[in-house]
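The file protein-v1.cif contains mmCIF, C-alpha atoms and all ligand atoms:
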```cif
data_entry
loop_
_atom_site.group_PDB
_atom_site.id
_atom_site.type_symbol
_atom_site.label_atom_id
_atom_site.label_comp_id
_atom_site.auth_asym_id
_atom_site.auth_seq_id
_atom_site.Cartn_x
_atom_site.Cartn_y
_atom_site.Cartn_z
ATOM 1 C CA MET A 1 -21.139 -104.878 35.424
ATOM 2 C CA ASN A 2 -19.188 -102.595 37.742
ATOM 3 C CA ARG A 3 -21.253 -100.165 39.688
ATOM 4 C CA GLN A 4 -20.774 -96.538 38.677
ATOM 5 C CA LYS A 5 -18.125 -94.941 40.878
ATOM 6 C CA THR A 6 -18.983 -92.059 43.178
ATOM 7 C CA VAL A 7 -16.553 -89.162 43.365
ATOM 8 C CA GLY A 8 -17.000 -86.657 46.155
ATOM 9 C CA VAL A 9 -16.256 -82.995 45.560
ATOM 10 C CA LEU A 10 -15.332 -81.177 48.743
ATOM 11 C CA ALA A 11 -17.919 -78.398 48.784
ATOM 12 C CA LEU A 12 -16.906 -76.190 51.702
ATOM 13 C CA GLN A 13 -15.620 -73.359 49.541
ATOM 14 C CA GLY A 14 -14.396 -72.673 46.031
ATOM 15 C CA ASP A 15 -15.042 -74.051 42.608
ATOM 16 C CA PHE A 16 -16.891 -77.338 43.250
ATOM 17 C CA GLU A 17 -19.894 -77.003 40.926
ATOM 18 C CA LYS A 18 -17.848 -77.190 37.714
ATOM 19 C CA HIS A 19 -16.061 -80.328 38.928
ATOM 20 C CA ARG A 20 -19.426 -81.996 39.427
ATOM 21 C CA LYS A 21 -20.329 -81.348 35.803
ATOM 22 C CA ALA A 22 -16.915 -82.515 34.521
ATOM 23 C CA LEU A 23 -17.204 -85.753 36.527
ATOM 24 C CA GLU A 24 -20.646 -86.461 35.149
ATOM 25 C CA ARG A 25 -19.384 -85.882 31.597
ATOM 26 C CA ALA A 26 -16.509 -88.280 32.316
ATOM 27 C CA GLY A 27 -18.919 -90.999 33.494
ATOM 28 C CA ALA A 28 -18.845 -90.885 37.299
ATOM 29 C CA ARG A 29 -21.482 -90.019 39.850
ATOM 30 C CA ALA A 30 -20.609 -86.804 41.720
ATOM 31 C CA LEU A 31 -21.498 -86.057 45.323
ATOM 32 C CA GLU A 32 -20.949 -82.745 47.091
ATOM 33 C CA VAL A 33 -19.171 -83.465 50.359
ATOM 34 C CA ARG A 34 -19.705 -81.357 53.470
ATOM 35 C CA THR A 35 -19.909 -84.088 56.137
ATOM 36 C CA LYS A 36 -18.114 -87.288 57.184
ATOM 37 C CA ASP A 37 -21.172 -89.338 56.235
ATOM 38 C CA GLN A 38 -21.072 -87.987 52.690
ATOM 39 C CA LEU A 39 -17.323 -88.642 52.490
ATOM 40 C CA ALA A 40 -17.878 -92.244 53.562
ATOM 41 C CA GLN A 41 -20.066 -92.813 50.477
ATOM 42 C CA CYS A 42 -17.265 -91.883 48.054
ATOM 43 C CA ASP A 43 -14.752 -93.975 46.094
ATOM 44 C CA GLY A 44 -12.549 -90.910 45.506
ATOM 45 C CA LEU A 45 -12.498 -87.214 46.370
ATOM 46 C CA ILE A 46 -11.748 -83.992 44.527
ATOM 47 C CA ILE A 47 -10.484 -81.011 46.501
ATOM 48 C CA PRO A 48 -11.301 -78.058 44.227
ATOM 49 C CA GLY A 49 -9.655 -74.710 43.643
ATOM 50 C CA GLY A 50 -10.450 -71.820 45.923
ATOM 51 C CA GLU A 51 -8.496 -70.355 48.800
ATOM 52 C CA SER A 52 -6.400 -72.969 50.565
ATOM 53 C CA THR A 53 -6.166 -71.029 53.838
ATOM 54 C CA THR A 54 -9.960 -70.699 54.043
ATOM 55 C CA MET A 55 -10.452 -74.341 53.086
ATOM 56 C CA LEU A 56 -8.077 -75.470 55.848
ATOM 57 C CA LYS A 57 -10.020 -73.410 58.379
ATOM 58 C CA LEU A 58 -13.363 -74.784 57.209
ATOM 59 C CA LEU A 59 -12.076 -78.382 57.258
ATOM 60 C CA ASP A 60 -11.088 -77.848 60.888
ATOM 61 C CA LEU A 61 -14.394 -76.145 61.771
ATOM 62 C CA GLU A 62 -16.400 -79.008 60.259
ATOM 63 C CA GLY A 63 -14.206 -81.598 61.985
ATOM 64 C CA LEU A 64 -13.203 -83.000 58.585
ATOM 65 C CA THR A 65 -9.411 -82.608 58.587
ATOM 66 C CA GLY A 66 -8.693 -86.025 60.117
ATOM 67 C CA ALA A 67 -11.432 -87.702 58.085
ATOM 68 C CA VAL A 68 -10.031 -86.435 54.770
ATOM 69 C CA ARG A 69 -6.498 -87.478 55.786
ATOM 70 C CA GLU A 70 -7.742 -90.976 56.666
ATOM 71 C CA PHE A 71 -9.732 -91.131 53.433
ATOM 72 C CA GLY A 72 -6.520 -90.318 51.554
ATOM 73 C CA ALA A 73 -4.671 -93.148 53.290
ATOM 74 C CA ALA A 74 -6.962 -95.608 51.509
ATOM 75 C CA LYS A 75 -8.644 -93.893 48.550
ATOM 76 C CA PRO A 76 -7.650 -91.540 45.718
ATOM 77 C CA ILE A 77 -7.770 -87.770 46.078
ATOM 78 C CA TYR A 78 -7.340 -85.285 43.238
ATOM 79 C CA GLY A 79 -6.448 -81.724 44.214
ATOM 80 C CA THR A 80 -6.934 -78.779 41.854
ATOM 81 C CA CYS A 81 -4.876 -75.649 42.569
ATOM 82 C CA ALA A 82 -5.814 -74.863 46.207
ATOM 83 C CA GLY A 83 -6.508 -78.615 46.482
ATOM 84 C CA ALA A 84 -2.935 -79.276 45.345
ATOM 85 C CA ILE A 85 -1.714 -76.941 48.090
ATOM 86 C CA LEU A 86 -3.720 -78.928 50.651
ATOM 87 C CA LEU A 87 -2.281 -82.270 49.499
ATOM 88 C CA ALA A 88 1.360 -81.123 49.427
ATOM 89 C CA HIS A 89 3.959 -82.194 51.967
ATOM 90 C CA GLN A 90 5.383 -78.683 52.154
ATOM 91 C CA VAL A 91 3.832 -75.259 51.448
ATOM 92 C CA THR A 92 5.687 -71.951 51.141
ATOM 93 C CA ASN A 93 4.830 -68.270 50.481
ATOM 94 C CA PRO A 94 3.794 -68.261 53.248
ATOM 95 C CA PRO A 95 4.288 -71.627 54.949
ATOM 96 C CA GLN A 96 1.026 -73.206 56.078
ATOM 97 C CA ALA A 97 -0.331 -76.506 57.372
ATOM 98 C CA SER A 98 -1.452 -79.178 54.923
ATOM 99 C CA LEU A 99 -2.893 -82.679 54.738
ATOM 100 C CA ASP A 100 0.556 -83.935 53.688
ATOM 101 C CA LEU A 101 -0.626 -86.742 51.404
ATOM 102 C CA MET A 102 1.800 -86.244 48.488
ATOM 103 C CA ASP A 103 5.558 -85.865 48.358
ATOM 104 C CA ILE A 104 5.561 -82.463 46.662
ATOM 105 C CA SER A 105 6.543 -78.933 47.735
ATOM 106 C CA VAL A 106 4.459 -76.045 46.453
ATOM 107 C CA GLU A 107 4.886 -72.292 46.452
ATOM 108 C CA ARG A 108 1.581 -70.444 46.654
ATOM 109 C CA ASN A 109 0.669 -67.647 44.212
ATOM 110 C CA ALA A 110 3.990 -68.302 42.561
ATOM 111 C CA TYR A 111 3.338 -66.638 39.194
ATOM 112 C CA GLY A 112 3.225 -63.268 40.916
ATOM 113 C CA ARG A 113 0.494 -60.777 41.662
ATOM 114 C CA GLN A 114 0.659 -58.987 38.348
ATOM 115 C CA ILE A 115 -0.382 -62.132 36.477
ATOM 116 C CA ASP A 116 -3.556 -63.270 38.199
ATOM 117 C CA SER A 117 -4.544 -65.799 35.613
ATOM 118 C CA ARG A 118 -3.574 -67.104 32.206
ATOM 119 C CA ILE A 119 -4.492 -69.774 29.699
ATOM 120 C CA ALA A 120 -1.569 -71.758 28.307
ATOM 121 C CA LYS A 121 -1.146 -74.667 25.914
ATOM 122 C CA VAL A 122 0.563 -77.396 27.902
ATOM 123 C CA PRO A 123 2.000 -80.539 26.274
ATOM 124 C CA VAL A 124 0.862 -83.760 27.973
ATOM 125 C CA LYS A 125 3.152 -86.757 28.495
ATOM 126 C CA ASP A 126 0.731 -89.212 26.890
ATOM 127 C CA GLY A 127 0.463 -87.095 23.755
ATOM 128 C CA GLY A 128 -1.317 -83.987 22.601
ATOM 129 C CA GLU A 129 -1.688 -80.834 24.582
ATOM 130 C CA PHE A 130 -4.003 -79.379 27.153
ATOM 131 C CA GLU A 131 -5.489 -75.908 27.351
ATOM 132 C CA ALA A 132 -4.553 -75.138 30.949
ATOM 133 C CA VAL A 133 -6.297 -72.373 32.903
ATOM 134 C CA PHE A 134 -4.147 -71.016 35.743
ATOM 135 C CA ILE A 135 -5.740 -68.796 38.422
ATOM 136 C CA ARG A 136 -3.408 -67.487 41.134
ATOM 137 C CA ALA A 137 -1.724 -70.842 40.779
ATOM 138 C CA PRO A 138 0.991 -72.376 42.914
ATOM 139 C CA ILE A 139 4.193 -73.750 41.390
ATOM 140 C CA ILE A 140 5.287 -77.269 42.267
ATOM 141 C CA ARG A 141 8.904 -76.615 43.274
ATOM 142 C CA LYS A 142 9.953 -80.132 44.284
ATOM 143 C CA VAL A 143 8.664 -83.629 43.646
ATOM 144 C CA GLY A 144 9.707 -86.781 45.505
ATOM 145 C CA GLU A 145 11.038 -89.920 43.832
ATOM 146 C CA GLY A 146 7.680 -91.643 43.652
ATOM 147 C CA VAL A 147 6.004 -88.755 41.850
ATOM 148 C CA ASN A 148 5.198 -89.052 38.147
ATOM 149 C CA VAL A 149 5.048 -85.788 36.180
ATOM 150 C CA LEU A 150 2.245 -85.930 33.578
ATOM 151 C CA ALA A 151 2.588 -82.366 32.238
ATOM 152 C CA SER A 152 4.866 -79.364 32.709
ATOM 153 C CA TYR A 153 4.607 -75.704 31.825
ATOM 154 C CA ALA A 154 7.621 -73.378 31.540
ATOM 155 C CA GLY A 155 9.809 -76.082 33.087
ATOM 156 C CA ASP A 156 7.659 -76.706 36.169
ATOM 157 C CA PRO A 157 5.353 -79.688 36.761
ATOM 158 C CA VAL A 158 1.668 -78.732 36.539
ATOM 159 C CA TRP A 159 0.029 -82.191 36.553
ATOM 160 C CA VAL A 160 1.528 -84.931 38.732
ATOM 161 C CA GLU A 161 0.469 -88.217 40.294
ATOM 162 C CA GLU A 162 1.867 -90.240 43.150
ATOM 163 C CA GLY A 163 0.290 -93.632 43.665
ATOM 164 C CA ARG A 164 -3.448 -93.129 44.034
ATOM 165 C CA HIS A 165 -3.283 -89.332 44.340
ATOM 166 C CA MET A 166 -3.058 -86.648 41.694
ATOM 167 C CA VAL A 167 -2.889 -82.848 41.460
ATOM 168 C CA THR A 168 -3.051 -80.155 38.799
ATOM 169 C CA THR A 169 -2.064 -76.542 39.401
ATOM 170 C CA PHE A 170 -4.454 -75.606 36.574
ATOM 171 C CA HIS A 171 -8.258 -75.918 36.362
ATOM 172 C CA PRO A 172 -9.411 -78.602 33.884
ATOM 173 C CA GLU A 173 -12.997 -78.214 35.138
ATOM 174 C CA LEU A 174 -13.096 -74.838 33.364
ATOM 175 C CA THR A 175 -12.601 -76.395 29.921
ATOM 176 C CA ASP A 176 -14.566 -79.066 28.029
ATOM 177 C CA ASP A 177 -11.548 -81.392 28.065
ATOM 178 C CA ASP A 178 -12.298 -84.331 30.373
ATOM 179 C CA ARG A 179 -8.913 -86.091 30.187
ATOM 180 C CA VAL A 180 -7.806 -85.110 33.682
ATOM 181 C CA HIS A 181 -11.096 -86.234 35.239
ATOM 182 C CA ARG A 182 -11.014 -89.483 33.233
ATOM 183 C CA LYS A 183 -7.463 -90.161 34.435
ATOM 184 C CA PHE A 184 -8.655 -89.701 38.018
ATOM 185 C CA ILE A 185 -11.713 -91.903 37.576
ATOM 186 C CA ALA A 186 -9.403 -94.654 36.246
ATOM 187 C CA LYS A 187 -7.650 -94.654 39.645
ATOM 188 C CA LEU A 188 -10.828 -95.555 41.561
HETATM 189 N N1 LIG A 201 -4.099 -68.800 45.398
HETATM 190 C C1 LIG A 201 -4.942 -69.803 46.017
HETATM 191 C C2 LIG A 201 -4.297 -70.345 47.295
HETATM 192 O O1 LIG A 201 -3.173 -70.057 47.557
HETATM 193 C C3 LIG A 201 -5.203 -70.940 45.059
HETATM 194 C C4 LIG A 201 -5.939 -70.431 43.843
HETATM 195 C C5 LIG A 201 -6.844 -71.422 43.193
HETATM 196 O O2 LIG A 201 -7.202 -72.457 43.749
HETATM 197 N N2 LIG A 201 -7.267 -71.106 41.979
HETATM 198 O O3 LIG A 201 -4.924 -71.013 48.041
#
```
Show me the file's structure as structure tokens.
Amino acid sequence: MNRQKTVGVLALQGDFEKHRKALERAGARALEVRTKDQLAQCDGLIIPGGESTTMLKLLDLEGLTGAVREFGAAKPIYGTCAGAILLAHQVTNPPQASLDLMDISVERNAYGRQIDSRIAKVPVKDGGEFEAVFIRAPIIRKVGEGVNVLASYAGDPVWVEEGRHMVTTFHPELTDDDRVHRKFIAKL
């Protein structure tokens, strides 16, 4: 029998606790990651929502930026919201550094200040729909050729994958629907 997979949840800042619970419901072991040693124990990594600027700073402070980039060169990473911003090739509004692991361009806080958050029904490519929670979400403005769009909302991609990596601009960990986490675990 295959050993149960371990998924790290980057736990420097933001919404990591709910991801842990969603992963456990979806059948994986979850490990909060704050050090290189913890990262080395993982088969995949989730970068949660939060504040991407703060997360970038903390990754640098903890000496983890290079380690996460190298991890992503070999193993799957799933970025939620701020995590999606960290994985993108290009970030605007304002421009900022990133891990540059996926061929997507994102605009931060793109739904505007007046709409801080919303819940929307989003149709999913494989059938059915998803109740998507957006919180100060970015919009994915461009996707490269190798990127597969799994769900869109109002004409913009909100769930995409490229090879081993995946992002959502919404927060599936805030609902009881485990499909996004299951899709990620299947990549491990
Ligand atoms: N607005 C945040 C950022 O730009 C992302 C919000 C979130 O992760 N829910 O980093």
Nearest-residue call for ligand LIG 201 (chain A), choices A:Ser98, A:Thr35, A:Gln41, A:Thr80, using only C-alpha atoms and all ligand atoms: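 The closest residue to ligand LIG 201 (chain A) is A:Thr80.
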Result set of the PyMOL selection byres (((not hetatm)) within 6 of (chain A and resi 201)) on the coordinates above, as a PyMOL selection string: chain A and resi 49-53+81-82+108-109+135-137
The PyMOL selection byres (((chain A and resi 88) around 8) and not hetatm) resolved against shown file, as a ChimeraX atom specification: /A:84-87,89-91,98-106
Please dump the current selection as a PDB file, keeping the file's coordinate frame; keep C-alpha atoms.
```
ATOM      1  CA  ALA A  84      -2.935 -79.276  45.345  1.00  0.00           C
ATOM      2  CA  ILE A  85      -1.714 -76.941  48.090  1.00  0.00           C
ATOM      3  CA  LEU A  86      -3.720 -78.928  50.651  1.00  0.00           C
ATOM      4  CA  LEU A  87      -2.281 -82.270  49.499  1.00  0.00           C
ATOM      5  CA  HIS A  89       3.959 -82.194  51.967  1.00  0.00           C
ATOM      6  CA  GLN A  90       5.383 -78.683  52.154  1.00  0.00           C
ATOM      7  CA  VAL A  91       3.832 -75.259  51.448  1.00  0.00           C
ATOM      8  CA  SER A  98      -1.452 -79.178  54.923  1.00  0.00           C
ATOM      9  CA  LEU A  99      -2.893 -82.679  54.738  1.00  0.00           C
ATOM     10  CA  ASP A 100       0.556 -83.935  53.688  1.00  0.00           C
ATOM     11  CA  LEU A 101      -0.626 -86.742  51.404  1.00  0.00           C
ATOM     12  CA  MET A 102       1.800 -86.244  48.488  1.00  0.00           C
ATOM     13  CA  ASP A 103       5.558 -85.865  48.358  1.00  0.00           C
ATOM     14  CA  ILE A 104       5.561 -82.463  46.662  1.00  0.00           C
ATOM     15  CA  SER A 105       6.543 -78.933  47.735  1.00  0.00           C
ATOM     16  CA  VAL A 106       4.459 -76.045  46.453  1.00  0.00           C
TER      17      VAL A 106
END
```
Atom CA of Gly44 of chain A to atom CA of Lys21 of chain A, straight-line distance in Å: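 Computing the Euclidean distance for atom CA of Lys21 of chain A and atom CA of Gly44 of chain A yields 15.7 Å.
Remark: for Lys183 of chain A, the closest of the candidate residues A:Tyr111, A:Phe71, A:Trp159, A:Phe134 is A:Trp159 (distances computed over all atoms listed in the file).
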Supply segment 22-33 of chain A as a compact mmCIF listing (two decimals), in the coordinates of the input, with all heavy atoms built in where the input has gaps.
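part_28.txt, freshly written:
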```
# COMPACT_ATOMS: atom_id res chain seq x y z
N ALA A 22 -17.99 -81.82 35.25
CA ALA A 22 -16.92 -82.52 34.52
C ALA A 22 -16.93 -84.00 34.86
O ALA A 22 -16.75 -84.85 33.98
CB ALA A 22 -15.57 -81.90 34.86
N LEU A 23 -17.17 -84.33 36.12
CA LEU A 23 -17.20 -85.75 36.53
C LEU A 23 -18.35 -86.48 35.84
O LEU A 23 -18.19 -87.61 35.37
CB LEU A 23 -17.40 -85.86 38.05
CG LEU A 23 -16.16 -85.60 38.89
CD1 LEU A 23 -16.55 -85.41 40.36
CD2 LEU A 23 -15.16 -86.74 38.75
N GLU A 24 -19.49 -85.82 35.78
CA GLU A 24 -20.65 -86.46 35.15
C GLU A 24 -20.39 -86.68 33.66
O GLU A 24 -20.71 -87.73 33.13
CB GLU A 24 -21.91 -85.64 35.41
CG GLU A 24 -22.40 -85.87 36.85
CD GLU A 24 -23.42 -84.85 37.35
OE1 GLU A 24 -23.79 -83.94 36.58
OE2 GLU A 24 -23.82 -84.97 38.52
N ARG A 25 -19.75 -85.70 33.01
CA ARG A 25 -19.38 -85.88 31.60
C ARG A 25 -18.41 -87.04 31.44
O ARG A 25 -18.45 -87.77 30.44
CB ARG A 25 -18.72 -84.61 31.05
CG ARG A 25 -19.67 -83.49 30.71
CD ARG A 25 -19.02 -82.48 29.75
NE ARG A 25 -17.73 -82.03 30.21
CZ ARG A 25 -17.54 -80.92 30.94
NH1 ARG A 25 -18.57 -80.19 31.31
NH2 ARG A 25 -16.33 -80.56 31.30
N ALA A 26 -17.53 -87.23 32.41
CA ALA A 26 -16.51 -88.28 32.32
C ALA A 26 -17.04 -89.65 32.78
O ALA A 26 -16.30 -90.63 32.75
CB ALA A 26 -15.28 -87.88 33.13
N GLY A 27 -18.29 -89.70 33.23
CA GLY A 27 -18.92 -91.00 33.49
C GLY A 27 -18.98 -91.43 34.94
O GLY A 27 -19.25 -92.60 35.23
N ALA A 28 -18.74 -90.52 35.88
CA ALA A 28 -18.84 -90.88 37.30
C ALA A 28 -20.06 -90.20 37.93
O ALA A 28 -20.59 -89.24 37.38
CB ALA A 28 -17.59 -90.47 38.05
N ARG A 29 -20.46 -90.71 39.07
CA ARG A 29 -21.48 -90.02 39.85
C ARG A 29 -20.75 -89.03 40.76
O ARG A 29 -19.72 -89.37 41.34
CB ARG A 29 -22.27 -91.02 40.68
CG ARG A 29 -23.41 -90.38 41.43
CD ARG A 29 -24.26 -91.34 42.26
NE ARG A 29 -24.46 -92.64 41.65
CZ ARG A 29 -24.11 -93.78 42.24
NH1 ARG A 29 -23.55 -93.79 43.42
NH2 ARG A 29 -24.33 -94.94 41.65
N ALA A 30 -21.27 -87.81 40.89
CA ALA A 30 -20.61 -86.80 41.72
C ALA A 30 -21.46 -86.51 42.95
O ALA A 30 -22.69 -86.49 42.88
CB ALA A 30 -20.40 -85.52 40.92
N LEU A 31 -20.80 -86.34 44.08
CA LEU A 31 -21.50 -86.06 45.32
C LEU A 31 -20.80 -84.90 46.04
O LEU A 31 -19.59 -84.96 46.28
CB LEU A 31 -21.45 -87.31 46.22
CG LEU A 31 -22.15 -87.24 47.57
CD1 LEU A 31 -23.67 -87.14 47.38
CD2 LEU A 31 -21.82 -88.48 48.40
N GLU A 32 -21.55 -83.85 46.33
CA GLU A 32 -20.95 -82.74 47.09
C GLU A 32 -20.74 -83.20 48.53
O GLU A 32 -21.64 -83.76 49.15
CB GLU A 32 -21.87 -81.51 47.03
CG GLU A 32 -21.89 -80.92 45.63
CD GLU A 32 -22.71 -79.64 45.53
OE1 GLU A 32 -23.22 -79.15 46.56
OE2 GLU A 32 -22.84 -79.13 44.39
N VAL A 33 -19.53 -82.96 49.03
CA VAL A 33 -19.17 -83.46 50.36
C VAL A 33 -18.99 -82.31 51.33
O VAL A 33 -18.15 -81.42 51.13
CB VAL A 33 -17.87 -84.30 50.29
CG1 VAL A 33 -17.34 -84.61 51.69
CG2 VAL A 33 -18.12 -85.60 49.53
```
